$ cat query-v4.txt   # compact mmCIF, C-alpha atoms
# COMPACT_ATOMS: atom_id res chain seq x y z
CA MET A 531 67.87 48.96 42.51
CA ASP A 532 67.05 52.69 42.24
CA GLN A 533 69.75 55.24 41.49
CA ARG A 534 71.63 56.77 44.39
CA PRO A 535 69.40 59.22 46.25
CA TRP A 536 72.24 61.74 46.62
CA SER A 537 74.03 63.91 44.11
CA ASN A 538 77.77 63.70 43.48
CA THR A 539 78.06 67.11 45.14
CA GLN A 540 76.43 65.86 48.34
CA LEU A 541 78.71 62.81 48.41
CA LYS A 542 81.72 65.00 47.73
CA ARG A 543 80.85 67.14 50.74
CA LEU A 544 80.40 64.02 52.89
CA GLY A 545 83.82 62.81 51.74
CA LYS A 546 85.43 66.13 52.70
CA SER A 547 83.82 65.92 56.12
CA ILE A 548 85.09 62.34 56.66
CA ARG A 549 88.56 63.30 55.45
CA SER A 550 88.88 66.38 57.66
CA GLY A 551 86.81 65.23 60.64
CA GLU A 552 84.72 68.41 60.45
CA PRO A 553 80.95 68.39 61.14
CA LEU A 554 78.60 67.47 58.31
CA PRO A 555 77.29 70.42 56.26
CA ALA A 556 73.55 70.88 55.89
CA ASN A 557 71.66 68.69 53.42
CA VAL A 558 74.43 66.08 53.37
CA PRO A 559 73.72 62.39 54.16
CA SER A 560 75.53 60.71 57.02
CA PHE A 561 78.05 57.94 56.42
CA ASP A 562 75.64 55.45 58.01
CA GLU A 563 72.87 56.39 55.56
CA VAL A 564 75.20 56.02 52.59
CA ILE A 565 76.66 52.72 53.72
CA VAL A 566 73.21 51.21 54.32
CA TRP A 567 72.31 52.01 50.71
CA TYR A 568 75.58 50.53 49.45
CA ASN A 569 75.07 47.39 51.54
CA GLU A 570 71.72 46.88 49.80
CA LEU A 571 73.43 47.34 46.44
CA ASN A 572 76.11 44.83 47.50
CA SER A 573 73.49 42.28 48.50
CA SER A 574 71.61 42.59 45.20
CA VAL A 575 74.80 42.07 43.15
CA GLN A 576 75.90 39.18 45.38
CA LYS A 577 72.50 37.47 45.00
CA LYS A 578 72.58 37.70 41.20
CA ILE A 579 76.07 36.21 41.05
CA GLN A 580 75.11 33.39 43.43
CA GLU A 581 72.11 32.55 41.23
CA ILE A 582 74.36 31.72 38.27
CA ASP A 583 74.81 27.99 37.68
CA TRP A 584 78.57 27.68 37.93
CA THR A 585 78.56 23.88 37.49
CA PRO A 586 79.38 23.89 33.74
CA LEU A 587 82.50 25.91 34.47
CA LEU A 588 83.60 24.79 37.95
CA GLY A 589 81.96 21.39 38.29
CA ALA A 590 81.60 20.37 41.92
CA ARG A 591 83.78 23.25 43.12
CA VAL A 592 81.37 25.62 44.88
CA PRO A 593 82.44 29.31 44.82
CA GLU A 594 82.31 31.53 47.89
CA VAL A 595 80.46 34.75 47.07
CA THR A 596 80.45 37.40 49.78
CA SER A 597 79.89 41.14 49.95
CA ARG A 598 81.14 43.94 52.13
CA ALA A 599 81.20 47.72 52.36
CA LYS A 600 84.06 49.88 53.57
CA THR A 601 84.23 50.94 57.20
CA ILE A 602 84.51 54.62 57.93
CA ASP A 603 88.09 54.15 59.14
CA THR A 604 89.31 52.51 55.94
CA LEU A 605 87.36 55.06 53.91
CA ARG A 606 88.93 57.97 55.80
CA GLU A 607 92.38 56.47 55.29
CA LYS A 608 91.77 56.23 51.55
CA LEU A 609 90.43 59.77 51.31
CA VAL A 610 93.37 61.17 53.28
CA ARG A 611 95.84 59.25 51.13
CA HIS A 612 94.18 60.54 47.96
CA PRO A 613 93.23 64.19 48.62
CA ARG A 614 91.71 64.71 45.17
CA MET A 615 89.48 61.66 45.36
CA SER A 616 85.75 62.25 45.65
CA LEU A 617 83.53 59.93 47.67
CA GLY A 618 81.08 59.62 44.79
CA THR A 619 83.76 58.21 42.47
CA ILE A 620 85.22 55.57 44.82
CA GLN A 621 84.72 52.28 43.00
CA ASP A 622 85.12 49.89 45.93
CA LEU A 623 82.80 51.50 48.46
CA ALA A 624 80.56 48.57 47.57
CA GLY A 625 82.35 45.30 46.96
CA VAL A 626 81.53 41.69 46.15
CA ARG A 627 84.10 38.92 46.37
CA PHE A 628 84.08 35.70 44.33
CA GLU A 629 86.56 33.00 45.38
CA ALA A 630 86.90 29.44 44.10
CA GLU A 631 89.39 26.70 43.41
CA MET A 632 90.04 27.47 39.74
CA THR A 633 92.68 27.86 37.09
CA LEU A 634 93.65 31.16 35.48
CA SER A 635 91.54 30.50 32.39
CA GLU A 636 88.55 29.61 34.61
CA GLN A 637 89.13 32.87 36.48
CA ASP A 638 88.93 34.68 33.15
CA ALA A 639 85.73 32.81 32.28
CA VAL A 640 84.16 33.77 35.61
CA ALA A 641 85.03 37.43 34.97
CA ASN A 642 83.48 37.25 31.50
CA ALA A 643 80.31 35.63 32.86
CA ILE A 644 79.83 38.21 35.60
CA ALA A 645 80.54 41.12 33.26
CA GLY A 646 78.00 39.72 30.80
CA LEU A 647 75.43 39.24 33.55
CA PHE A 648 75.52 42.98 34.22
CA ARG A 649 75.86 43.89 30.52
CA HIS A 650 79.42 45.15 30.77
CA GLU A 651 82.20 44.43 28.30
CA PRO A 652 84.93 42.24 29.91
CA GLU A 653 87.70 44.70 29.06
CA PRO A 654 89.03 48.00 30.45
CA PRO A 655 87.68 50.18 31.99
CA CYS A 656 85.45 47.45 33.45
CA LEU A 657 88.10 44.71 33.69
CA HIS A 658 91.25 45.16 35.78
CA ASP A 659 93.65 42.21 35.63
CA LEU A 660 96.03 42.46 38.60
CA ARG A 661 97.65 39.06 38.19
CA ASN A 662 100.68 39.99 36.08
CA ASP A 663 100.89 43.55 37.39
CA ALA A 664 100.51 42.81 41.09
CA HIS A 665 99.87 45.70 43.47
CA SER A 666 102.21 45.19 46.45
CA GLY A 667 101.88 41.47 45.78
CA TYR A 668 98.07 41.49 45.48
CA ARG A 669 96.86 39.38 42.54
CA ALA A 670 93.25 39.08 41.38
CA VAL A 671 90.86 40.06 38.61
CA HIS A 672 88.57 42.99 39.38
CA LEU A 673 85.42 44.15 37.63
CA TRP A 674 84.30 47.74 38.03
CA LEU A 675 80.58 47.72 37.47
CA MET A 676 78.60 50.91 36.95
CA LEU A 677 75.10 50.09 38.17
CA SER A 678 72.82 52.29 40.27
CA GLY A 679 76.14 53.01 41.97
CA PRO A 680 79.71 51.80 41.41
CA VAL A 681 80.45 48.23 42.53
CA GLU A 682 83.76 46.38 42.52
CA VAL A 683 83.72 42.59 42.07
CA GLN A 684 86.93 40.86 43.16
CA ILE A 685 87.48 37.49 41.50
CA ARG A 686 90.19 35.43 43.21
CA THR A 687 91.46 31.89 43.30
CA HIS A 688 91.56 30.28 46.73
CA LEU A 689 95.32 30.83 46.95
CA GLN A 690 94.99 34.46 45.88
CA GLY A 691 92.30 34.92 48.51
CA GLU A 692 94.23 33.16 51.25
CA TRP A 693 97.27 35.32 50.49
CA ALA A 694 95.17 38.52 50.46
CA ASN A 695 93.68 37.72 53.87
CA MET A 696 97.15 37.13 55.27
CA TYR A 697 98.41 40.40 53.80
CA GLU A 698 95.48 42.22 55.40
CA ALA A 699 96.50 40.71 58.74
CA ALA A 700 100.06 41.95 58.14
CA GLY A 701 98.66 45.41 57.37
CA ASP A 702 96.78 45.44 60.67
CA LEU A 703 100.04 44.64 62.47
CA PHE A 704 102.59 46.69 60.55
CA GLY A 705 100.45 49.50 59.10
CA ARG A 706 98.17 49.54 56.09
CA GLY A 707 100.79 51.51 54.22
CA ILE A 708 102.25 48.17 53.08
CA ARG A 709 99.38 48.10 50.59
CA TYR A 710 100.96 51.17 48.99
CA ARG A 711 104.56 49.92 48.85
CA GLU A 712 105.48 51.51 52.21
CA MET A 713 107.76 48.97 53.84
CA PRO A 714 108.14 48.66 57.64
CA GLU A 715 111.44 49.96 58.96
CA GLU A 716 112.03 47.17 61.50
CA SER A 717 113.84 44.13 60.12
CA VAL A 718 111.40 41.38 61.17
CA PRO A 719 108.20 43.07 59.89
CA LYS A 720 110.02 44.05 56.72
CA ALA A 721 111.15 40.46 56.15
CA ILE A 722 107.60 39.18 56.68
CA VAL A 723 106.10 41.66 54.20
CA GLU A 724 108.80 40.99 51.60
CA GLY A 725 108.29 37.25 52.08
CA LEU A 726 104.57 37.64 51.50
CA GLN A 727 105.05 39.70 48.36
CA ASN A 728 107.55 37.24 46.89
CA LEU A 729 105.30 34.32 47.76
CA SER A 730 102.50 35.85 45.72
CA THR A 731 104.35 37.19 42.69
CA SER A 732 106.72 34.23 42.35
CA ASP A 733 105.62 31.01 44.05
CA ILE A 734 101.82 31.29 43.82
CA ALA A 735 101.96 32.84 40.34
CA ASN A 736 104.19 30.01 39.07
CA LEU A 737 102.01 27.39 40.73
CA GLU A 738 98.92 28.78 39.00
CA GLU A 739 100.71 28.79 35.65
CA GLU A 740 101.56 25.12 36.17
CA ALA A 741 97.95 24.32 37.05
CA GLN A 742 96.91 26.05 33.84
CA ALA A 743 99.37 23.96 31.79
CA ILE A 744 98.09 20.76 33.41
CA GLN A 745 94.50 21.62 32.60
CA GLN A 746 95.32 22.41 28.97
CA LEU A 747 97.19 19.12 28.53
CA GLU A 748 94.37 17.17 30.19
CA LEU A 749 91.92 18.74 27.74
CA GLN A 750 94.13 17.80 24.79
CA ILE A 751 94.24 14.18 25.94
CA ALA A 752 90.50 14.09 26.67
CA GLU A 753 89.65 15.55 23.25
CA THR A 754 91.30 12.71 21.31
CA PRO A 755 88.61 11.62 18.81
CA PRO A 756 87.24 8.14 19.60
CA LYS A 757 87.84 6.96 16.01
CA THR A 758 91.61 7.33 16.48
CA LEU A 759 91.77 5.14 19.58
CA PRO A 760 92.43 1.85 17.70
CA ILE A 761 95.37 3.55 15.97
CA LEU A 762 96.70 4.84 19.29
CA LEU A 763 96.76 1.29 20.62
CA ARG A 764 99.20 0.23 17.92
CA LYS A 765 102.63 0.57 19.47
CA GLY A 766 105.23 2.22 17.30
CA THR A 767 102.84 4.47 15.36
CA LYS A 768 103.33 8.22 15.40
CA SER A 769 99.93 8.75 17.03
CA TYR A 770 100.79 6.24 19.73
CA ARG A 771 104.13 7.92 20.46
CA GLU A 772 102.50 11.36 20.61
CA SER A 773 99.82 10.06 22.98
CA GLN A 774 102.38 8.45 25.25
CA ALA A 775 104.52 11.61 25.22
CA LYS A 776 101.53 13.72 26.29
CA ARG A 777 100.71 11.36 29.14
CA ALA A 778 104.33 11.28 30.29
CA ARG A 779 104.43 15.08 30.14
CA LEU A 780 101.22 15.23 32.17
CA ASP A 781 102.71 12.97 34.85
CA GLN A 782 105.81 15.21 35.03
CA LEU A 783 103.73 18.37 35.33
CA GLN A 784 101.52 16.86 38.03
CA GLN A 785 104.53 15.73 40.07
CA LYS A 786 106.15 19.14 39.73
CA TYR A 787 102.88 20.82 40.70
CA GLU A 788 102.46 18.71 43.83
CA ALA A 789 106.00 19.50 44.95
CA ARG A 790 105.58 23.23 44.33
CA GLU A 791 102.17 23.26 46.03
CA SER A 792 103.75 21.74 49.14
CA GLN A 793 106.36 24.51 49.11
CA VAL A 794 103.69 27.20 48.76
CA ARG A 795 101.63 25.72 51.59
CA LEU A 796 104.72 25.55 53.77
CA GLY A 797 105.55 29.17 52.92
CA LEU A 798 102.06 30.31 53.87
CA SER A 799 102.22 28.33 57.10
CA ASN A 800 105.61 29.79 58.04
CA ILE A 801 104.46 33.36 57.43
CA ARG A 802 101.22 32.74 59.32
CA GLU A 803 103.26 31.58 62.29
CA ALA A 804 105.54 34.62 61.99
CA LEU A 805 102.50 36.91 62.03
CA ILE A 806 101.16 35.18 65.15
CA ASN A 807 104.52 35.61 66.89
CA ALA A 808 104.70 39.26 65.81
CA LYS A 809 101.23 39.87 67.21
CA ILE A 810 102.13 38.21 70.51
CA GLY A 811 105.29 40.31 70.72
CA LYS A 812 103.41 43.59 70.38

$ encode --input "query-v4.txt" --output "structure tokens"
Amino acid sequence: MDQRPWSNTQLKRLGKSIRSGEPLPANVPSFDEVIVWYNELNSSVQKKIQEIDWTPLLGARVPEVTSRAKTIDTLREKLVRHPRMSLGTIQDLAGVRFEAEMTLSEQDAVANAIAGLFRHEPEPPCLHDLRNDAHSGYRAVHLWLMLSGPVEVQIRTHLQGEWANMYEAAGDLFGRGIRYREMPEESVPKAIVEGLQNLSTSDIANLEEEAQAIQQLELQIAETPPKTLPILLRKGTKSYRESQAKRARLDQLQQKYEARESQVRLGLSNIREALINAKIGK
């Protein structure tokens, strides 16, 4: 796709106009013109990511790849909140989202593959890992691509995505300031937001760590060389005991994972119901 048809100065002036609500200066593109161009950029990035064969990494798990551009309202809110920010430097004006049922290591592999597709190094400043340093509870891996314009690719597990959608719904109800650590003053909304944040940074994070441990142990068991199998069948040998210990450990991890997953699902369901009740009560 061709480079942006507007200079940084023109975009900066458009951003000032959106922030202040003042009329557009001369020789400045409208928001609609800019967002149409960014939507085309989004679509081209989305298409290239969808064309990757993800089967070797994800198997039968089909990723959801979508794209979106900011609305003028969310853009104005961001510009007002960050007075020194210029429209031309906003990374997530164009955004693509990749979601799939995957482990943390698979999430890393997806990020590496997408970065390589667009000839970016999978490290800062391109890579932004928000899983261990959650932003108001939000966990994901982001790629900041510098193409014909800046594009942000959000890479999320299904649970990370489900949580993020629920947090967005909470922001619509209680104010988008919750994305910036601004807690509601009323007790019920505050409890809901705190519950959501804890669910992400504690319960979902721990669940994903357990899924990662299960996958690693499964790989260790699967990688046992065929030539050692007759030895493993001999009860009492060291190899046999180690094999049995791994399988017992795998069973324990899987049982623990299933119990914790049920708790996470119940937590999400309870908060979803609380959000519905809060919306009805408004």

$ closest_residue --input "query-v4.txt" --among "A:Gln727, A:Ala778, A:Ser769, A:Leu675" --to "Leu798 of chain A" --atoms "all atoms listed in the file"
A:Gln727

$ closest_atom_pairs --input "query-v4.txt" --of "segment 591-695 of chain A" --to "segment 566-582 of chain A" --cutoff "12 Å" --atoms "all atoms listed in the file" --output "tab-separated table"
residue	atom	partner	partner_atom	distance
A:Val592	CA	A:Gln580	CA	10.1
A:Pro593	CA	A:Gln580	CA	8.5
A:Glu594	CA	A:Gln580	CA	8.7
A:Val595	CA	A:Gln576	CA	6.6
A:Thr596	CA	A:Gln576	CA	6.6
A:Ser597	CA	A:Asn572	CA	5.8
A:Arg598	CA	A:Asn572	CA	6.9
A:Ala599	CA	A:Asn569	CA	6.2
A:Lys600	CA	A:Tyr568	CA	9.5
A:Thr601	CA	A:Asn569	CA	11.3
A:Gly618	CA	A:Tyr568	CA	11.6
A:Ile620	CA	A:Tyr568	CA	11.8
A:Gln621	CA	A:Tyr568	CA	11.3
A:Asp622	CA	A:Tyr568	CA	10.2
A:Leu623	CA	A:Tyr568	CA	7.4
A:Ala624	CA	A:Tyr568	CA	5.7
A:Gly625	CA	A:Asn572	CA	6.3
A:Val626	CA	A:Gln576	CA	6.2
A:Arg627	CA	A:Gln576	CA	8.3
A:Phe628	CA	A:Ile579	CA	8.7
A:Glu629	CA	A:Gln580	CA	11.6
A:Val640	CA	A:Ile579	CA	10.0
A:Ala641	CA	A:Ile579	CA	10.9
A:Ala643	CA	A:Ile582	CA	8.9
A:Ile644	CA	A:Ile579	CA	6.9
A:Ala645	CA	A:Ile579	CA	10.2
A:Gly646	CA	A:Ile579	CA	11.0
A:Leu647	CA	A:Ile579	CA	8.1
A:Phe648	CA	A:Val575	CA	9.0
A:Leu675	CA	A:Val575	CA	9.9
A:Met676	CA	A:Leu571	CA	11.4
A:Leu677	CA	A:Leu571	CA	8.9
A:Ser678	CA	A:Leu571	CA	7.9
A:Gly679	CA	A:Leu571	CA	7.7
A:Pro680	CA	A:Tyr568	CA	9.1
A:Val681	CA	A:Asn572	CA	7.4
A:Glu682	CA	A:Asn572	CA	9.3
A:Val683	CA	A:Val575	CA	9.0
A:Gln684	CA	A:Gln576	CA	11.4
A:Ile685	CA	A:Ile579	CA	11.5

$ closest_residue --input "query-v4.txt" --among "A:Ala752, A:Trp693, A:Arg606, A:Gln637" --to "Asn728 of chain A" --atoms "all atoms listed in the file"
A:Trp693

$ atom_distance --input "query-v4.txt" --atom1 "atom CA of Ile751 of chain A" --atom2 "atom CA of Pro586 of chain A"
19.4 Å

$ atom_distance --input "query-v4.txt" --atom1 "atom CA of Arg711 of chain A" --atom2 "atom CA of Glu698 of chain A"
13.6 Å

$ atom_distance --input "query-v4.txt" --atom1 "atom CA of Ile602 of chain A" --atom2 "atom CA of Gly551 of chain A"
11.2 Å

$ residues_near_point --input "query-v4.txt" --point "(104.5, 21.1, 41.4)" --cutoff "12 Å" --atoms "all atoms listed in the file" --output "MDAnalysis selection string"
chainID A and resid 733:734 736:744 780:795

$ write_last_selection --input "query-v4.txt" --atoms "C-alpha atoms" --output "PDB file, in the coordinates of the input"
ATOM      1  CA  ASP A 733     105.620  31.010  44.050  1.00  0.00           C
ATOM      2  CA  ILE A 734     101.820  31.290  43.820  1.00  0.00           C
ATOM      3  CA  ASN A 736     104.190  30.010  39.070  1.00  0.00           C
ATOM      4  CA  LEU A 737     102.010  27.390  40.730  1.00  0.00           C
ATOM      5  CA  GLU A 738      98.920  28.780  39.000  1.00  0.00           C
ATOM      6  CA  GLU A 739     100.710  28.790  35.650  1.00  0.00           C
ATOM      7  CA  GLU A 740     101.560  25.120  36.170  1.00  0.00           C
ATOM      8  CA  ALA A 741      97.950  24.320  37.050  1.00  0.00           C
ATOM      9  CA  GLN A 742      96.910  26.050  33.840  1.00  0.00           C
ATOM     10  CA  ALA A 743      99.370  23.960  31.790  1.00  0.00           C
ATOM     11  CA  ILE A 744      98.090  20.760  33.410  1.00  0.00           C
ATOM     12  CA  LEU A 780     101.220  15.230  32.170  1.00  0.00           C
ATOM     13  CA  ASP A 781     102.710  12.970  34.850  1.00  0.00           C
ATOM     14  CA  GLN A 782     105.810  15.210  35.030  1.00  0.00           C
ATOM     15  CA  LEU A 783     103.730  18.370  35.330  1.00  0.00           C
ATOM     16  CA  GLN A 784     101.520  16.860  38.030  1.00  0.00           C
ATOM     17  CA  GLN A 785     104.530  15.730  40.070  1.00  0.00           C
ATOM     18  CA  LYS A 786     106.150  19.140  39.730  1.00  0.00           C
ATOM     19  CA  TYR A 787     102.880  20.820  40.700  1.00  0.00           C
ATOM     20  CA  GLU A 788     102.460  18.710  43.830  1.00  0.00           C
ATOM     21  CA  ALA A 789     106.000  19.500  44.950  1.00  0.00           C
ATOM     22  CA  ARG A 790     105.580  23.230  44.330  1.00  0.00           C
ATOM     23  CA  GLU A 791     102.170  23.260  46.030  1.00  0.00           C
ATOM     24  CA  SER A 792     103.750  21.740  49.140  1.00  0.00           C
ATOM     25  CA  GLN A 793     106.360  24.510  49.110  1.00  0.00           C
ATOM     26  CA  VAL A 794     103.690  27.200  48.760  1.00  0.00           C
ATOM     27  CA  ARG A 795     101.630  25.720  51.590  1.00  0.00           C
TER      28      ARG A 795
END
